[in-house]
>>> print(open('model.txt').read())   # compact mmCIF, C-alpha atoms
# COMPACT_ATOMS: atom_id res chain seq x y z
CA MET A 219 -13.87 -11.19 7.88
CA PRO A 220 -13.55 -12.29 4.26
CA SER A 221 -16.59 -12.94 2.14
CA LEU A 222 -17.67 -16.39 3.31
CA LEU A 223 -19.37 -16.79 -0.04
CA LEU A 224 -15.99 -16.37 -1.76
CA ILE A 225 -14.03 -18.64 0.60
CA ASP A 226 -16.70 -21.35 0.42
CA TYR A 227 -16.66 -21.12 -3.39
CA LEU A 228 -12.86 -21.37 -3.55
CA ASP A 229 -12.82 -24.33 -1.16
CA ARG A 230 -15.59 -26.18 -3.01
CA ALA A 231 -13.69 -25.63 -6.28
CA ARG A 232 -10.58 -27.07 -4.61
CA SER A 233 -8.73 -23.91 -5.52
CA VAL A 234 -5.13 -23.20 -4.62
CA TYR A 235 -4.99 -19.87 -2.75
CA GLN A 236 -3.70 -18.11 0.32
CA LEU A 237 -5.64 -15.79 2.57
CA LEU A 238 -3.28 -13.14 3.96
CA GLN A 239 -4.21 -11.16 7.04
CA HIS A 240 -2.70 -7.70 7.47
CA ARG A 241 -3.43 -4.30 8.96
CA PRO A 242 -6.41 -2.60 7.26
CA ALA A 243 -5.67 -0.91 3.93
CA TYR A 244 -8.51 0.83 2.15
CA THR A 245 -7.32 1.11 -1.44
CA ALA A 246 -5.92 -1.52 -3.76
CA ILE A 247 -2.69 0.40 -4.31
CA GLU A 248 -2.22 0.86 -0.55
CA THR A 249 -2.82 -2.86 0.04
CA ALA A 250 -0.37 -3.82 -2.71
CA ARG A 251 2.29 -1.60 -1.16
CA LEU A 252 1.60 -2.92 2.34
CA LEU A 253 2.07 -6.51 1.15
CA ALA A 254 4.99 -5.63 -1.16
CA ILE A 255 3.10 -6.92 -4.20
CA PRO A 256 3.62 -5.13 -7.53
CA PRO A 257 0.46 -3.08 -8.27
CA ARG A 258 0.17 -4.73 -11.71
CA ARG A 259 -0.42 -8.05 -9.89
CA PHE A 260 -2.99 -6.69 -7.45
CA ALA A 261 -6.50 -6.58 -8.91
CA LYS A 262 -9.05 -4.00 -7.92
CA VAL A 263 -12.75 -3.97 -8.64
CA VAL A 264 -14.37 -0.97 -10.29
CA MET A 265 -18.15 -1.13 -10.32
CA LEU A 266 -19.75 0.30 -13.44
CA ARG A 267 -23.24 0.92 -14.71
CA LEU A 268 -23.46 -0.03 -18.39
CA ASP A 269 -26.70 1.59 -19.44
CA ASP A 270 -28.83 0.27 -16.55
CA GLU A 271 -26.83 -2.88 -15.78
CA LEU A 272 -24.52 -3.01 -12.76
CA THR A 273 -21.26 -4.73 -13.77
CA MET A 274 -17.80 -5.35 -12.39
CA LEU A 275 -14.54 -4.40 -14.12
CA VAL A 276 -11.34 -5.92 -12.73
CA VAL A 277 -8.17 -3.91 -13.41
CA PRO A 278 -4.65 -3.72 -11.93
CA ALA A 279 -4.33 -1.61 -8.78
CA HIS A 280 -2.30 1.11 -10.51
CA CYS A 281 -4.76 1.59 -13.38
CA CYS A 282 -7.80 3.71 -13.97
CA VAL A 283 -10.76 2.91 -16.19
CA ASP A 284 -11.34 4.51 -19.58
CA THR A 285 -15.15 4.67 -19.54
CA GLU A 286 -15.31 5.74 -23.19
CA ALA A 287 -13.32 2.64 -24.21
CA VAL A 288 -15.65 0.49 -22.10
CA ARG A 289 -18.68 2.07 -23.78
CA ARG A 290 -17.28 1.28 -27.23
CA ALA A 291 -16.17 -2.26 -26.29
CA CYS A 292 -19.55 -3.14 -24.76
CA SER A 293 -21.63 -1.33 -27.40
CA CYS A 294 -23.68 0.51 -24.82
CA GLN A 295 -25.03 4.05 -24.73
CA HIS A 296 -23.94 5.15 -21.27
CA VAL A 297 -21.16 4.10 -18.84
CA GLU A 298 -20.60 5.50 -15.38
CA VAL A 299 -18.84 4.47 -12.20
CA ALA A 300 -21.54 3.10 -9.89
CA GLY A 301 -22.31 5.04 -6.72
CA LEU A 302 -22.30 3.51 -3.26
CA ARG A 303 -26.08 3.29 -3.16
CA TYR A 304 -25.91 0.54 -5.81
CA LEU A 305 -23.27 -1.42 -3.93
CA ARG A 306 -24.49 -1.65 -0.35
CA ALA A 307 -27.46 -3.88 -1.17
CA ARG A 308 -25.52 -6.00 -3.70
CA PHE A 309 -22.55 -6.75 -1.38
CA PRO A 310 -24.09 -6.88 2.10
CA ARG A 311 -21.38 -9.12 3.59
CA CYS A 312 -18.44 -7.22 2.13
CA GLU A 313 -16.83 -4.15 3.58
CA GLU A 314 -17.41 -1.08 1.45
CA GLY A 315 -14.80 -1.00 -1.33
CA ALA A 316 -13.41 -4.48 -0.63
CA MET A 317 -15.48 -6.57 -3.04
CA PRO A 318 -13.74 -9.66 -4.42
CA PRO A 319 -13.48 -9.83 -8.25
CA PHE A 320 -15.94 -12.71 -8.66
CA GLY A 321 -19.00 -11.01 -10.11
CA HIS A 322 -20.94 -14.21 -10.75
CA LEU A 323 -21.07 -14.91 -6.99
CA PHE A 324 -23.09 -11.71 -6.63
CA GLY A 325 -25.22 -12.12 -9.77
CA LEU A 326 -23.13 -9.71 -11.87
CA ARG A 327 -21.31 -9.84 -15.19
CA ALA A 328 -17.60 -9.26 -14.75
CA PHE A 329 -15.02 -7.98 -17.21
CA SER A 330 -11.26 -7.57 -16.94
CA SER A 331 -8.80 -5.21 -18.58
CA GLY A 332 -5.04 -4.99 -18.26
CA LEU A 333 -4.48 -7.98 -16.00
CA VAL A 334 -1.02 -9.52 -16.31
CA ASP A 335 -1.07 -13.19 -17.30
CA ASP A 336 1.84 -14.14 -15.10
CA LEU A 337 2.15 -16.31 -12.03
CA ASP A 338 -0.13 -14.81 -9.38
CA ILE A 339 -2.88 -12.32 -8.73
CA ALA A 340 -3.90 -10.79 -5.42
CA PHE A 341 -7.20 -9.13 -4.52
CA LYS A 342 -9.37 -8.10 -1.59
CA SER A 343 -11.34 -10.90 0.02
CA GLY A 344 -14.34 -8.81 1.04
CA ALA A 345 -12.52 -7.21 3.99
CA HIS A 346 -9.92 -4.45 4.14
CA HIS A 347 -7.60 -6.51 6.35
CA GLU A 348 -7.50 -9.71 4.27
CA THR A 349 -6.17 -10.40 0.79
CA VAL A 350 -6.42 -13.50 -1.37
CA VAL A 351 -3.42 -14.56 -3.47
CA MET A 352 -3.83 -17.25 -6.11
CA PRO A 353 -2.29 -18.37 -9.39
CA ILE A 354 -3.67 -16.34 -12.28
CA SER A 355 -4.71 -19.58 -13.98
CA GLU A 356 -6.95 -20.38 -10.98
CA PHE A 357 -8.44 -16.89 -11.12
CA HIS A 358 -9.31 -17.26 -14.81
CA ARG A 359 -10.74 -20.74 -14.18
CA LEU A 360 -13.00 -19.58 -11.36
CA ALA A 361 -13.80 -15.88 -11.82
CA TYR A 362 -15.53 -16.02 -15.23
CA VAL A 363 -14.35 -12.57 -16.29
CA GLU A 364 -14.70 -11.49 -19.91
CA PRO A 365 -11.62 -9.64 -21.21
CA LEU A 366 -12.11 -6.10 -22.53
CA PRO A 367 -9.18 -4.82 -24.60
CA ALA A 368 -7.58 -1.47 -23.73
CA CYS A 369 -10.19 -0.28 -21.25
CA SER A 370 -7.73 0.58 -18.48
CA ARG A 371 -4.52 2.55 -18.37
CA PRO A 372 -1.93 3.33 -15.71
CA ALA A 373 -3.05 6.23 -13.57
CA GLY A 374 -1.08 9.47 -13.44
CA ARG A 375 1.32 10.20 -10.64
CA MET A 376 0.26 8.66 -7.37
CA ALA A 377 -0.60 10.81 -4.40
CA PRO A 378 2.51 11.68 -2.35
CA ALA A 379 1.08 9.98 0.73
CA LEU A 380 0.93 6.67 -1.15
CA MET A 381 4.46 7.04 -2.45
CA GLN A 382 5.99 7.34 1.01
CA ARG A 383 7.63 4.21 2.30
CA ARG A 384 5.63 2.61 5.06
CA ARG A 385 6.77 0.25 7.71
CA LEU A 386 5.31 -3.09 6.63
CA GLN A 387 3.66 -5.44 9.03
CA PRO A 388 4.18 -9.13 8.28
CA ALA A 389 1.15 -10.85 6.83
CA THR A 390 -0.09 -14.19 8.06
CA ALA A 391 -1.39 -16.85 5.71
CA SER A 392 -4.10 -19.48 5.90
CA SER A 393 -5.85 -21.94 3.57
CA ARG A 394 -4.24 -23.98 0.82
CA PRO A 395 -0.55 -23.22 0.16
CA LEU A 396 0.56 -21.98 -3.22
CA PRO A 397 3.03 -24.09 -5.20
CA ALA A 398 6.73 -23.20 -5.23
CA GLY A 399 7.52 -20.18 -7.38
CA HIS A 400 4.38 -18.30 -6.37
CA LEU A 401 3.87 -15.35 -4.05
CA GLY A 402 3.85 -16.51 -0.46
CA THR A 403 3.98 -14.70 2.84
CA ALA A 404 7.63 -13.84 2.13
CA GLY A 405 6.32 -11.23 -0.31
CA TRP A 406 7.71 -9.91 -3.54
CA GLN A 407 11.49 -10.16 -3.92
CA GLY A 408 12.17 -9.46 -7.57
CA ARG A 409 10.50 -12.76 -8.46
CA LEU A 410 7.66 -14.47 -6.74
CA ALA A 411 8.87 -16.14 -3.59
CA GLY A 412 7.65 -19.53 -2.49
CA PRO A 413 5.88 -20.08 0.83
CA GLY A 414 8.12 -20.09 3.88
>>> encode(input="model.txt", output="structure tokens")
Amino acid sequence: MPSLLLIDYLDRARSVYQLLQHRPAYTAIETARLLAIPPRRFAKVVMLRLDDELTMLVVPAHCCVDTEAVRRACSCQHVEVAGLRYLRARFPRCEEGAMPPFGHLFGLRAFSSGLVDDLDIAFKSGAHHETVVMPISEFHRLAYVEPLPACSRPAGRMAPALMQRRRLQPATASSRPLPAGHLGTAGWQGRLAGPG
């Protein structure tokens, strides 16, 4: 089940988005591959502790976080990836590791690094079997993320298991349709395909 807090927020804001249902995928890169979305257009959430403040950093699925660059950009003394003990209480209605990149809905500051300002962005909805796809302009309008320059970089070689081709299961869509030219349930085909 997606985060009802997120879906309610998107609906109240009259946002254009699609909610895709698919077989469970537990990492952002795995979900991007399952849905045939380029990893640079699939956002993942990395939870950080900046000094004693829990924050959210949104980066592309294929990137890792440069904590030293974050420390310099945020002028803080200490940066670390937050452990699960900090997350369970903060995201009680989200599956572990499937937090949507809308920090303000959970009382957190959110930053972004390396996101592509192109047509669409996809991200976990709060569940490992559902993904939200929306125009990047809608994401920036509603997510309130502060950009951090050069705080993420593409990760090294991916694990062999993730590089193997997988048989893809078709995704099903719900909610408001995306305009023509955006990623729909047809998936990525060199350019963003329109719905249906």
>>> residues_near_point(input="model.txt", point="(-15.1, -10.2, 3.4)", cutoff="8 Å", atoms="only C-alpha atoms", output="CSV table (one decimal) with C-alpha atoms, in the coordinates of the input")
chain,number,residue,atom,x,y,z
A,219,MET,CA,-13.9,-11.2,7.9
A,220,PRO,CA,-13.6,-12.3,4.3
A,221,SER,CA,-16.6,-12.9,2.1
A,222,LEU,CA,-17.7,-16.4,3.3
A,311,ARG,CA,-21.4,-9.1,3.6
A,312,CYS,CA,-18.4,-7.2,2.1
A,313,GLU,CA,-16.8,-4.2,3.6
A,316,ALA,CA,-13.4,-4.5,-0.6
A,317,MET,CA,-15.5,-6.6,-3.0
A,318,PRO,CA,-13.7,-9.7,-4.4
A,342,LYS,CA,-9.4,-8.1,-1.6
A,343,SER,CA,-11.3,-10.9,0.0
A,344,GLY,CA,-14.3,-8.8,1.0
A,345,ALA,CA,-12.5,-7.2,4.0
A,346,HIS,CA,-9.9,-4.4,4.1
A,348,GLU,CA,-7.5,-9.7,4.3
>>> closest_residue(input="model.txt", among="A:Met352, A:Leu237, A:Ala368, A:Ala300", to="Asp336 in chain A", atoms="all atoms listed in the file")
A:Met352
>>> atom_distance(input="model.txt", atom1="CA of Cys282 in chain A", atom2="CA of Tyr235 in chain A")
26.3 Å
>>> closest_residue(input="model.txt", among="A:Lys262, A:Arg303, A:His358, A:Arg290", to="Ala340 in chain A", atoms="all atoms listed in the file")
A:Lys262
>>> closest_residue(input="model.txt", among="A:Leu302, A:Val297, A:Leu337, A:Leu275", to="Leu366 in chain A", atoms="all atoms listed in the file")
A:Leu275
>>> closest_residue(input="model.txt", among="A:Ala231, A:Ile339, A:Cys292, A:Leu238", to="Ala279 in chain A", atoms="only C-alpha atoms")
A:Ile339
>>> closest_residue(input="model.txt", among="A:Val351, A:Leu228, A:Val363, A:Ala307", to="Val263 in chain A", atoms="all atoms listed in the file")
A:Val363
>>> atom_distance(input="model.txt", atom1="CA of Ala243 in chain A", atom2="CA of His280 in chain A")
15.0 Å
>>> closest_residue(input="model.txt", among="A:His347, A:Arg232, A:Arg327, A:His296", to="Glu248 in chain A", atoms="all atoms listed in the file")
A:His347
>>> atom_distance(input="model.txt", atom1="CA of Ser331 in chain A", atom2="CA of Pro278 in chain A")
8.0 Å
>>> residues_around(input="model.txt", residues="Leu360 in chain A", least_positions_apart="6", cutoff="12 Å", atoms="all atoms listed in the file", output="list in words")
Leu224, Tyr227, Leu228, Asp229, Arg230, Ala231, Arg232, Ser233, Val234, Tyr235, Pro319, Phe320, Gly321, His322, Leu323, Ala328, Met352, Pro353 and Ile354 of chain A
>>> write_last_selection(input="model.txt", atoms="C-alpha atoms", output="compact mmCIF listing (two decimals), in the frame of the given file")
# COMPACT_ATOMS: atom_id res chain seq x y z
CA LEU A 224 -15.99 -16.37 -1.76
CA TYR A 227 -16.66 -21.12 -3.39
CA LEU A 228 -12.86 -21.37 -3.55
CA ASP A 229 -12.82 -24.33 -1.16
CA ARG A 230 -15.59 -26.18 -3.01
CA ALA A 231 -13.69 -25.63 -6.28
CA ARG A 232 -10.58 -27.07 -4.61
CA SER A 233 -8.73 -23.91 -5.52
CA VAL A 234 -5.13 -23.20 -4.62
CA TYR A 235 -4.99 -19.87 -2.75
CA PRO A 319 -13.48 -9.83 -8.25
CA PHE A 320 -15.94 -12.71 -8.66
CA GLY A 321 -19.00 -11.01 -10.11
CA HIS A 322 -20.94 -14.21 -10.75
CA LEU A 323 -21.07 -14.91 -6.99
CA ALA A 328 -17.60 -9.26 -14.75
CA MET A 352 -3.83 -17.25 -6.11
CA PRO A 353 -2.29 -18.37 -9.39
CA ILE A 354 -3.67 -16.34 -12.28
>>> residues_near_point(input="model.txt", point="(-4.9, -11.7, -22.3)", cutoff="10 Å", atoms="all atoms listed in the file", output="ChimeraX atom specification")
/A:330-335,365-367
>>> decode(input="model.txt", residues="range 296-330 of chain A", atoms="N, CA and C atoms", output="PDB file, in the first residue's frame")
ATOM      1  N   HIS A 296      29.375  16.778  11.192  1.00  0.00           N
ATOM      2  CA  HIS A 296      29.344  15.321  11.051  1.00  0.00           C
ATOM      3  C   HIS A 296      28.177  14.908  10.148  1.00  0.00           C
ATOM      4  N   VAL A 297      28.438  14.009   9.198  1.00  0.00           N
ATOM      5  CA  VAL A 297      27.400  13.455   8.321  1.00  0.00           C
ATOM      6  C   VAL A 297      27.541  11.942   8.323  1.00  0.00           C
ATOM      7  N   GLU A 298      26.414  11.265   8.506  1.00  0.00           N
ATOM      8  CA  GLU A 298      26.419   9.812   8.405  1.00  0.00           C
ATOM      9  C   GLU A 298      25.088   9.335   7.839  1.00  0.00           C
ATOM     10  N   VAL A 299      25.122   8.172   7.205  1.00  0.00           N
ATOM     11  CA  VAL A 299      23.889   7.553   6.733  1.00  0.00           C
ATOM     12  C   VAL A 299      23.131   7.095   7.969  1.00  0.00           C
ATOM     13  N   ALA A 300      21.852   7.431   8.036  1.00  0.00           N
ATOM     14  CA  ALA A 300      21.047   7.124   9.226  1.00  0.00           C
ATOM     15  C   ALA A 300      20.736   5.635   9.293  1.00  0.00           C
ATOM     16  N   GLY A 301      20.815   5.074  10.471  1.00  0.00           N
ATOM     17  CA  GLY A 301      20.486   3.672  10.697  1.00  0.00           C
ATOM     18  C   GLY A 301      18.986   3.455  10.750  1.00  0.00           C
ATOM     19  N   LEU A 302      18.584   2.205  10.642  1.00  0.00           N
ATOM     20  CA  LEU A 302      17.162   1.860  10.629  1.00  0.00           C
ATOM     21  C   LEU A 302      16.431   2.293  11.884  1.00  0.00           C
ATOM     22  N   ARG A 303      17.116   2.341  13.006  1.00  0.00           N
ATOM     23  CA  ARG A 303      16.440   2.710  14.254  1.00  0.00           C
ATOM     24  C   ARG A 303      15.864   4.123  14.181  1.00  0.00           C
ATOM     25  N   TYR A 304      16.475   4.994  13.363  1.00  0.00           N
ATOM     26  CA  TYR A 304      15.965   6.358  13.212  1.00  0.00           C
ATOM     27  C   TYR A 304      14.768   6.417  12.267  1.00  0.00           C
ATOM     28  N   LEU A 305      14.631   5.421  11.416  1.00  0.00           N
ATOM     29  CA  LEU A 305      13.632   5.478  10.362  1.00  0.00           C
ATOM     30  C   LEU A 305      12.298   4.851  10.730  1.00  0.00           C
ATOM     31  N   ARG A 306      12.321   3.806  11.507  1.00  0.00           N
ATOM     32  CA  ARG A 306      11.075   3.077  11.805  1.00  0.00           C
ATOM     33  C   ARG A 306      10.024   3.982  12.445  1.00  0.00           C
ATOM     34  N   ALA A 307      10.419   4.780  13.401  1.00  0.00           N
ATOM     35  CA  ALA A 307       9.461   5.652  14.085  1.00  0.00           C
ATOM     36  C   ALA A 307       9.037   6.818  13.194  1.00  0.00           C
ATOM     37  N   ARG A 308       9.925   7.297  12.329  1.00  0.00           N
ATOM     38  CA  ARG A 308       9.641   8.463  11.490  1.00  0.00           C
ATOM     39  C   ARG A 308       8.724   8.122  10.312  1.00  0.00           C
ATOM     40  N   PHE A 309       8.806   6.886   9.812  1.00  0.00           N
ATOM     41  CA  PHE A 309       8.017   6.458   8.648  1.00  0.00           C
ATOM     42  C   PHE A 309       7.182   5.225   8.983  1.00  0.00           C
ATOM     43  N   PRO A 310       6.275   5.336   9.943  1.00  0.00           N
ATOM     44  CA  PRO A 310       5.561   4.139  10.409  1.00  0.00           C
ATOM     45  C   PRO A 310       4.657   3.507   9.357  1.00  0.00           C
ATOM     46  N   ARG A 311       4.186   4.261   8.392  1.00  0.00           N
ATOM     47  CA  ARG A 311       3.268   3.720   7.389  1.00  0.00           C
ATOM     48  C   ARG A 311       3.960   3.367   6.081  1.00  0.00           C
ATOM     49  N   CYS A 312       5.266   3.470   6.054  1.00  0.00           N
ATOM     50  CA  CYS A 312       6.027   3.122   4.855  1.00  0.00           C
ATOM     51  C   CYS A 312       6.778   1.816   5.094  1.00  0.00           C
ATOM     52  N   GLU A 313       6.897   1.037   4.031  1.00  0.00           N
ATOM     53  CA  GLU A 313       7.724  -0.154   4.139  1.00  0.00           C
ATOM     54  C   GLU A 313       9.175   0.283   4.261  1.00  0.00           C
ATOM     55  N   GLU A 314       9.943  -0.497   4.992  1.00  0.00           N
ATOM     56  CA  GLU A 314      11.343  -0.167   5.233  1.00  0.00           C
ATOM     57  C   GLU A 314      12.093  -0.016   3.900  1.00  0.00           C
ATOM     58  N   GLY A 315      12.697   1.153   3.694  1.00  0.00           N
ATOM     59  CA  GLY A 315      13.465   1.407   2.483  1.00  0.00           C
ATOM     60  C   GLY A 315      12.644   1.886   1.298  1.00  0.00           C
ATOM     61  N   ALA A 316      11.368   2.182   1.497  1.00  0.00           N
ATOM     62  CA  ALA A 316      10.512   2.613   0.387  1.00  0.00           C
ATOM     63  C   ALA A 316       9.921   4.001   0.636  1.00  0.00           C
ATOM     64  N   MET A 317      10.632   4.850   1.358  1.00  0.00           N
ATOM     65  CA  MET A 317      10.112   6.163   1.699  1.00  0.00           C
ATOM     66  C   MET A 317      10.012   7.041   0.454  1.00  0.00           C
ATOM     67  N   PRO A 318       8.900   7.754   0.292  1.00  0.00           N
ATOM     68  CA  PRO A 318       8.795   8.690  -0.835  1.00  0.00           C
ATOM     69  C   PRO A 318       9.653   9.935  -0.567  1.00  0.00           C
ATOM     70  N   PRO A 319      10.135  10.593  -1.618  1.00  0.00           N
ATOM     71  CA  PRO A 319      11.065  11.722  -1.451  1.00  0.00           C
ATOM     72  C   PRO A 319      10.390  13.058  -1.137  1.00  0.00           C
ATOM     73  N   PHE A 320       9.475  13.048  -0.195  1.00  0.00           N
ATOM     74  CA  PHE A 320       8.755  14.254   0.219  1.00  0.00           C
ATOM     75  C   PHE A 320       8.987  14.449   1.711  1.00  0.00           C
ATOM     76  N   GLY A 321      10.183  14.912   2.066  1.00  0.00           N
ATOM     77  CA  GLY A 321      10.572  15.040   3.453  1.00  0.00           C
ATOM     78  C   GLY A 321       9.622  15.862   4.300  1.00  0.00           C
ATOM     79  N   HIS A 322       9.091  16.949   3.742  1.00  0.00           N
ATOM     80  CA  HIS A 322       8.233  17.828   4.537  1.00  0.00           C
ATOM     81  C   HIS A 322       6.976  17.120   5.040  1.00  0.00           C
ATOM     82  N   LEU A 323       6.516  16.065   4.350  1.00  0.00           N
ATOM     83  CA  LEU A 323       5.347  15.324   4.820  1.00  0.00           C
ATOM     84  C   LEU A 323       5.638  14.569   6.117  1.00  0.00           C
ATOM     85  N   PHE A 324       6.916  14.343   6.376  1.00  0.00           N
ATOM     86  CA  PHE A 324       7.337  13.594   7.557  1.00  0.00           C
ATOM     87  C   PHE A 324       8.098  14.479   8.542  1.00  0.00           C
ATOM     88  N   GLY A 325       8.019  15.803   8.351  1.00  0.00           N
ATOM     89  CA  GLY A 325       8.677  16.737   9.252  1.00  0.00           C
ATOM     90  C   GLY A 325      10.185  16.811   9.081  1.00  0.00           C
ATOM     91  N   LEU A 326      10.683  16.537   7.868  1.00  0.00           N
ATOM     92  CA  LEU A 326      12.118  16.525   7.608  1.00  0.00           C
ATOM     93  C   LEU A 326      12.508  17.518   6.531  1.00  0.00           C
ATOM     94  N   ARG A 327      13.726  18.047   6.633  1.00  0.00           N
ATOM     95  CA  ARG A 327      14.304  18.809   5.529  1.00  0.00           C
ATOM     96  C   ARG A 327      14.724  17.815   4.463  1.00  0.00           C
ATOM     97  N   ALA A 328      14.582  18.212   3.213  1.00  0.00           N
ATOM     98  CA  ALA A 328      14.977  17.341   2.107  1.00  0.00           C
ATOM     99  C   ALA A 328      15.870  18.107   1.146  1.00  0.00           C
ATOM    100  N   PHE A 329      16.892  17.421   0.669  1.00  0.00           N
ATOM    101  CA  PHE A 329      17.828  17.965  -0.307  1.00  0.00           C
ATOM    102  C   PHE A 329      17.810  17.054  -1.524  1.00  0.00           C
ATOM    103  N   SER A 330      18.325  17.566  -2.640  1.00  0.00           N
ATOM    104  CA  SER A 330      18.476  16.726  -3.829  1.00  0.00           C
ATOM    105  C   SER A 330      19.846  16.981  -4.429  1.00  0.00           C
TER     106      SER A 330
END
